[in-house]
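Containing compact mmCIF, C-alpha atoms: input32.txt.
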```
# COMPACT_ATOMS: atom_id res chain seq x y z
CA MET A 1 -9.21 34.53 17.14
CA GLU A 2 -10.79 37.81 16.12
CA ARG A 3 -12.35 39.40 13.07
CA LYS A 4 -11.19 42.90 12.32
CA THR A 5 -14.41 44.63 11.34
CA SER A 6 -12.67 48.01 11.54
CA LEU A 7 -9.50 49.43 13.05
CA TRP A 8 -11.49 50.15 16.20
CA ILE A 9 -13.98 47.30 16.65
CA ARG A 10 -13.14 43.59 16.93
CA ARG A 11 -15.72 40.82 16.82
CA PHE A 12 -14.43 37.50 18.14
CA ASN A 13 -17.45 35.25 17.62
CA PRO A 14 -20.21 36.49 15.30
CA ALA A 15 -23.40 35.37 17.04
CA GLU A 16 -26.26 34.72 14.62
CA GLY A 17 -29.55 35.36 16.34
CA ALA A 18 -28.01 37.40 19.17
CA ARG A 19 -30.51 39.59 21.01
CA ALA A 20 -27.97 42.13 22.28
CA ARG A 21 -24.37 43.22 21.84
CA LEU A 22 -21.77 43.82 24.58
CA VAL A 23 -19.08 46.38 23.76
CA CYS A 24 -15.92 45.93 25.86
CA PHE A 25 -13.35 48.63 26.68
CA PRO A 26 -9.82 47.57 27.79
CA HIS A 27 -7.82 48.89 30.74
CA ALA A 28 -4.70 51.06 30.48
CA GLY A 29 -2.11 49.20 28.42
CA GLY A 30 -4.72 46.60 27.48
CA SER A 31 -6.04 45.50 24.12
CA ALA A 32 -9.19 44.05 22.61
CA SER A 33 -7.87 40.50 23.01
CA PHE A 34 -8.21 40.82 26.81
CA TYR A 35 -11.91 40.11 26.29
CA PHE A 36 -11.48 37.03 24.09
CA PRO A 37 -12.15 34.60 27.00
CA LEU A 38 -15.36 36.47 27.84
CA ALA A 39 -16.50 36.27 24.21
CA GLN A 40 -15.82 32.52 24.18
CA THR A 41 -18.02 31.83 27.18
CA MET A 42 -20.83 34.37 26.77
CA PRO A 43 -24.17 32.78 25.81
CA PRO A 44 -24.99 33.05 22.08
CA SER A 45 -27.81 35.49 22.87
CA VAL A 46 -25.11 38.13 23.54
CA GLU A 47 -22.55 39.03 20.89
CA VAL A 48 -19.27 40.40 22.28
CA VAL A 49 -17.20 43.02 20.48
CA ALA A 50 -14.17 44.82 21.88
CA VAL A 51 -12.57 48.17 21.21
CA GLN A 52 -8.97 48.28 19.98
CA TYR A 53 -7.30 51.56 20.90
CA PRO A 54 -4.55 53.00 18.67
CA GLY A 55 -0.94 52.26 19.60
CA ARG A 56 -1.08 48.57 20.50
CA GLN A 57 -0.85 45.16 18.83
CA ASP A 58 -1.72 45.53 15.14
CA ARG A 59 -2.25 49.29 15.68
CA ARG A 60 1.13 49.78 17.38
CA HIS A 61 2.42 52.03 14.60
CA GLU A 62 -0.40 54.53 15.16
CA ARG A 63 -0.16 57.45 17.55
CA PRO A 64 -1.83 56.62 20.87
CA ILE A 65 -4.61 59.00 21.91
CA ASP A 66 -4.09 60.41 25.39
CA ASP A 67 -7.40 62.22 25.82
CA ILE A 68 -10.60 60.53 27.02
CA ALA A 69 -12.89 62.98 25.21
CA GLU A 70 -11.15 62.44 21.88
CA LEU A 71 -11.23 58.67 22.30
CA ALA A 72 -14.91 58.74 23.27
CA ASP A 73 -15.80 60.88 20.26
CA ARG A 74 -14.04 58.50 17.89
CA ILE A 75 -15.44 55.33 19.45
CA ALA A 76 -19.02 56.60 19.63
CA GLY A 77 -18.84 57.30 15.90
CA GLU A 78 -17.38 53.86 15.19
CA LEU A 79 -20.25 52.20 17.08
CA ALA A 80 -22.94 53.69 14.84
CA PRO A 81 -23.08 50.61 12.53
CA TRP A 82 -23.42 48.33 15.57
CA THR A 83 -26.62 49.82 16.94
CA ASP A 84 -28.84 47.37 15.05
CA LEU A 85 -28.94 45.43 18.33
CA PRO A 86 -29.37 46.81 21.85
CA LEU A 87 -25.92 47.77 23.17
CA ALA A 88 -24.46 47.23 26.62
CA LEU A 89 -21.04 48.62 27.55
CA PHE A 90 -18.41 46.99 29.78
CA GLY A 91 -15.20 48.73 30.76
CA HIS A 92 -12.44 47.92 33.22
CA SER A 93 -10.34 50.63 34.90
CA LEU A 94 -9.56 53.26 32.24
CA GLY A 95 -12.09 51.41 30.09
CA ALA A 96 -14.88 52.09 32.60
CA THR A 97 -14.37 55.87 32.38
CA LEU A 98 -14.21 55.65 28.61
CA ALA A 99 -17.35 53.49 28.44
CA PHE A 100 -19.15 56.10 30.55
CA GLU A 101 -18.18 58.93 28.21
CA VAL A 102 -19.18 56.86 25.18
CA ALA A 103 -22.53 56.11 26.85
CA ARG A 104 -23.10 59.85 27.31
CA ARG A 105 -22.45 60.45 23.62
CA LEU A 106 -24.68 57.56 22.55
CA GLU A 107 -27.54 58.84 24.67
CA ARG A 108 -27.16 62.35 23.25
CA SER A 109 -27.45 60.89 19.76
CA GLY A 110 -30.58 58.92 20.65
CA THR A 111 -29.10 55.47 21.36
CA VAL A 112 -29.66 54.54 25.00
CA PRO A 113 -27.51 51.59 26.12
CA ILE A 114 -29.29 48.79 27.99
CA GLY A 115 -26.54 48.83 30.61
CA LEU A 116 -23.16 50.20 31.61
CA PHE A 117 -20.87 47.85 33.56
CA ALA A 118 -18.11 49.87 35.25
CA SER A 119 -15.38 47.61 36.62
CA GLY A 120 -12.37 48.53 38.75
CA ARG A 121 -12.77 52.29 38.50
CA ARG A 122 -14.00 55.05 40.75
CA ALA A 123 -17.01 57.09 39.64
CA PRO A 124 -16.24 59.88 37.16
CA SER A 125 -17.02 62.54 39.75
CA ARG A 126 -14.48 61.11 42.22
CA HIS A 127 -11.06 62.58 41.41
CA ARG A 128 -7.61 61.56 42.68
CA ASP A 129 -4.44 63.49 42.03
CA GLU A 130 -2.44 60.75 40.27
CA ARG A 131 0.67 61.40 38.21
CA VAL A 132 2.05 58.02 37.24
CA HIS A 133 2.24 59.13 33.61
CA GLN A 134 4.77 61.81 34.58
CA GLY A 135 7.24 59.30 36.03
CA ASP A 136 10.07 57.57 34.21
CA ASP A 137 9.70 54.21 32.49
CA ARG A 138 10.82 52.32 35.60
CA ALA A 139 8.08 53.92 37.72
CA LEU A 140 5.46 53.24 35.07
CA LEU A 141 6.39 49.56 34.86
CA ALA A 142 6.51 49.28 38.65
CA GLN A 143 2.92 50.50 38.80
CA LEU A 144 1.91 47.93 36.21
CA LYS A 145 3.54 45.16 38.26
CA ARG A 146 1.79 46.28 41.44
CA LEU A 147 -1.61 45.93 39.82
CA ASN A 148 -0.82 42.30 38.99
CA GLY A 149 -2.76 42.22 35.74
CA THR A 150 0.10 41.59 33.31
CA ASP A 151 1.93 38.32 32.65
CA ALA A 152 5.25 38.53 34.53
CA GLN A 153 7.10 37.18 31.47
CA VAL A 154 6.33 40.43 29.66
CA PHE A 155 8.64 42.39 31.95
CA GLY A 156 11.59 40.16 31.09
CA ASP A 157 11.37 40.89 27.37
CA GLU A 158 12.96 44.28 26.66
CA GLU A 159 11.62 44.41 23.11
CA VAL A 160 8.04 43.85 24.28
CA VAL A 161 8.48 46.42 27.06
CA ARG A 162 9.72 49.03 24.57
CA MET A 163 6.75 48.26 22.36
CA ILE A 164 4.07 48.65 25.06
CA LEU A 165 5.47 51.67 26.92
CA PRO A 166 4.21 54.45 24.59
CA ALA A 167 0.62 53.20 24.65
CA LEU A 168 0.80 52.49 28.38
CA ARG A 169 2.02 56.01 29.18
CA SER A 170 -0.60 57.51 26.88
CA ASP A 171 -3.36 55.51 28.58
CA TYR A 172 -2.22 56.61 32.03
CA ARG A 173 -2.11 60.21 30.86
CA ALA A 174 -5.66 59.89 29.52
CA ALA A 175 -6.92 58.40 32.79
CA GLU A 176 -5.07 60.78 35.11
CA THR A 177 -5.85 64.01 33.24
CA TYR A 178 -9.55 63.16 32.84
CA ARG A 179 -11.90 65.59 34.54
CA TYR A 180 -15.60 64.91 34.77
CA ARG A 181 -17.74 67.62 33.21
CA PRO A 182 -21.18 67.84 34.87
CA GLY A 183 -24.11 67.14 32.61
CA PRO A 184 -27.34 65.14 32.40
CA ARG A 185 -27.23 61.82 34.17
CA LEU A 186 -27.36 58.65 32.11
CA SER A 187 -30.77 57.05 31.85
CA CYS A 188 -29.44 53.51 31.41
CA PRO A 189 -28.83 51.07 34.26
CA VAL A 190 -25.32 51.24 35.77
CA TYR A 191 -23.58 48.33 37.48
CA ALA A 192 -20.39 49.07 39.41
CA LEU A 193 -18.02 46.14 40.06
CA THR A 194 -15.03 46.44 42.37
CA GLY A 195 -12.52 44.43 44.35
CA ASP A 196 -12.50 44.78 48.14
CA ASP A 197 -8.70 45.10 48.17
CA ASP A 198 -8.23 47.39 45.17
CA ALA A 199 -5.81 50.21 46.01
CA MET A 200 -7.11 52.15 43.00
CA VAL A 201 -10.76 52.23 44.09
CA THR A 202 -12.52 52.37 47.45
CA VAL A 203 -15.99 50.92 47.87
CA GLU A 204 -17.29 54.46 48.45
CA GLU A 205 -15.72 55.66 45.19
CA ALA A 206 -17.29 52.73 43.35
CA SER A 207 -20.73 53.25 44.93
CA ALA A 208 -20.67 56.87 43.69
CA TRP A 209 -21.37 55.54 40.18
CA GLY A 210 -24.99 55.57 41.31
CA GLU A 211 -24.93 59.36 41.15
CA HIS A 212 -24.42 59.21 37.39
CA THR A 213 -27.66 57.55 36.35
CA SER A 214 -31.36 58.17 36.78
CA GLY A 215 -31.90 54.48 36.04
CA PRO A 216 -31.29 51.42 38.22
CA PHE A 217 -27.94 51.10 39.99
CA GLU A 218 -26.24 48.11 41.53
CA LEU A 219 -22.88 47.71 43.28
CA ARG A 220 -21.08 44.36 43.45
CA VAL A 221 -17.98 43.94 45.62
CA TYR A 222 -15.74 40.93 44.94
CA PRO A 223 -12.77 39.56 46.89
CA GLY A 224 -9.51 40.68 45.28
CA GLY A 225 -7.43 43.56 44.02
CA HIS A 226 -7.52 45.66 40.88
CA PHE A 227 -7.83 42.68 38.53
CA PHE A 228 -10.44 40.87 40.63
CA LEU A 229 -12.40 40.20 37.44
CA THR A 230 -9.89 37.56 36.31
CA ALA A 231 -10.53 35.34 39.33
CA HIS A 232 -14.29 35.92 39.17
CA ALA A 233 -14.70 35.72 35.40
CA ALA A 234 -17.52 33.13 35.46
CA SER A 235 -19.53 35.00 38.10
CA ILE A 236 -19.15 38.32 36.28
CA ARG A 237 -20.08 36.73 32.95
CA ASP A 238 -23.27 35.35 34.51
CA LEU A 239 -24.10 38.72 36.08
CA VAL A 240 -23.58 40.57 32.81
CA SER A 241 -25.47 38.07 30.65
CA HIS A 242 -28.40 37.96 33.10
CA HIS A 243 -28.84 41.73 33.17
CA ILE A 244 -28.33 42.10 29.42
CA GLY A 245 -30.92 39.39 28.77
CA ALA A 246 -33.49 41.03 31.04
CA HIS A 247 -33.05 44.51 29.59
CA ALA A 248 -32.83 43.31 25.99
CA ALA A 249 -36.15 41.49 26.38
CA HIS A 250 -37.70 44.65 27.84
CA ALA A 251 -36.29 46.80 25.02
CA GLN A 252 -37.80 44.52 22.37
CA HIS A 253 -41.28 44.97 23.87
CA LEU A 254 -41.12 48.78 23.83
```
What is this structure when it is put down as structure tokens?
Amino acid sequence: MERKTSLWIRRFNPAEGARARLVCFPHAGGSASFYFPLAQTMPPSVEVVAVQYPGRQDRRHERPIDDIAELADRIAGELAPWTDLPLALFGHSLGATLAFEVARRLERSGTVPIGLFASGRRAPSRHRDERVHQGDDRALLAQLKRLNGTDAQVFGDEEVVRMILPALRSDYRAAETYRYRPGPRLSCPVYALTGDDDAMVTVEEASAWGEHTSGPFELRVYPGGHFFLTAHAASIRDLVSHHIGAHAAHAQHL
């Protein structure tokens, strides 16, 4: 299903002749394989790769990284060989914050993404005092169930639960201890996607993503909760591929 091009970057379907590349960042507790369906249905003009964080699936024996800045530093470095095509970044929840920080690092190094798609996450400058990572295992799993993004069968398998808990707690710690550090705004387009019934993000918090770019900004609100993107996968795929295609064509004429 996927080709391990490095410990960090997974390419599901090498796309010969692709005009752009979409880099996907998983949510807390998630893995690169979450984006396999998107890779399968994306037009061949866009190659999809996904980031695999330490501490899960085939990297489960590695120490999870519980700091957004450290993760962003590592991932930005790992993306250097992939900049032969224009890059767009897509992140959901924790992944949106991480994609933002990676975009900042890419721009500082001279690689300006053609778009940042921030899904299911408030803008970096909008802070909430959340401490799920400090709770016991039962509280952590209860939060995961409430978000309704994990197969219910997982919770009935104690071995699987024990395996995912360290990475899950680490991801929540990374998300909840993150503090935005003011700096230059991104110059790339930013697209904020949110569910209208997401307890983790208000529409105002999502619209504040516009404050973080000097480029175009667009907000899309979908029916649904935190994992609205699952029910609206086709619509979001079309949105992403349309904008990537438009900006990739523009980039090639510069």
Exercise for review: Could you jot down the atom CA of Phe100 of chain A to atom CA of Gly210 of chain A separation for me, Å, one decimal place?
Suggested key: 12.3 Å
Box for segment 18-30 of chain A - axis-aligned, 3 Å on each of the six sides, all listed atoms - centre and size in Å to one decimal, as AutoDock Vina command-line options.
```
--center_x -16.3 --center_y 44.2 --center_z 25.0 --size_x 34.4 --size_y 19.7 --size_z 17.6
```
Review point. Smallest atom-to-atom distance to Ala199 of chain A: which of A:Arg220, A:Arg128, A:Arg237, A:His232, using all atoms listed in the file?
Key: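 Selected residue with least distance to Ala199 of chain A: A:Arg128.
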Practice item. Select all residues near (-21.3, 47.2, 11.1) (cut-off 12 Å, inclusive, file coordinates), counting only C-alpha atoms, and output them as a list of chain:residue names. Key: A:Lys4, A:Thr5, A:Ser6, A:Trp8, A:Ile9, A:Arg10, A:Arg11, A:Pro14, A:Arg21, A:Val49, A:Gly77, A:Glu78, A:Leu79, A:Ala80, A:Pro81, A:Trp82, A:Thr83, A:Asp84, A:Leu85
Review point. Between A:Asp197, A:Glu218, A:Glu16, A:Asp171, which has the minimum distance to Gly29 of chain A (counting all atoms listed in the file)?
Key: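 Using all atoms listed in the file, Gly29 of chain A sits closest to A:Asp171.
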**Study point:** Interatomic distance (Å, one decimal) between atom CA of His133 of chain A and atom CA of Gly183 of chain A
**Key:**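 Taking atom CA of His133 of chain A and atom CA of Gly183 of chain A, their separation equals 27.6 Å.
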Review point. Of the candidates A:Val201, A:Ala208, A:Leu239, A:Ala28, which shows the shortest atom-to-atom distance to Gly224 of chain A, using only C-alpha atoms?
Key: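 Among A:Val201, A:Ala208, A:Leu239, A:Ala28, it is A:Val201 that comes nearest to Gly224 of chain A.
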Exercise for review: Find the residue from A:Pro43, A:Pro54, A:Pro189, A:Pro64 that sits nearest to Pro113 of chain A; use only C-alpha atoms when measuring.
Suggested key: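 For Pro113 of chain A, the nearest of the given residues is A:Pro189.
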Practice item. Write out as a PyMOL selection string which residues come within 6 Å of segment 86-98 of chain A when counting all atoms listed in the file, dropping same-chain ones fewer than 2 positions away. Key: chain A and resi 20-28+100-101+113-121+175
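Computed from the coordinates, the atom CA of Leu186 of chain A to atom CA of Arg19 of chain A distance equals 22.3 Å.
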Practice item. Compare A:His242, A:His247, A:His61, A:Arg105 by their minimum atom-to-atom distance to Met42 of chain A, counting all atoms listed in the file, and give me the closest one. Key: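 Among the listed residues, the smallest separation from Met42 of chain A belongs to A:His242.
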Extract, using only C-alpha atoms, all DNA, RNA and protein residues at most 7 Å from Val112 of chain A, discarding same-chain residues fewer than 5 positions from it, and format them as a PDB file with C-alpha atoms, in the frame of the given file.
```pdb
ATOM      1  CA  LEU A 106     -24.680  57.560  22.550  1.00  0.00           C
ATOM      2  CA  GLU A 107     -27.540  58.840  24.670  1.00  0.00           C
ATOM      3  CA  CYS A 188     -29.440  53.510  31.410  1.00  0.00           C
TER       4      CYS A 188
END
```
**Study point:** Residue nearest Ile236 of chain A among A:Leu38, A:Ala123, A:Val132, A:Leu140 (counting only C-alpha atoms)
**Key:** A:Leu38
Exercise for review: Mind checking which residues fall within 12 Å of Ala167 of chain A, counting only C-alpha atoms, ignoring those fewer than 5 positions away in the same chain, and posting them as a ChimeraX atom specification?
Suggested key: /A:27-31,52-57,59-66,133,140,160-162,172-174
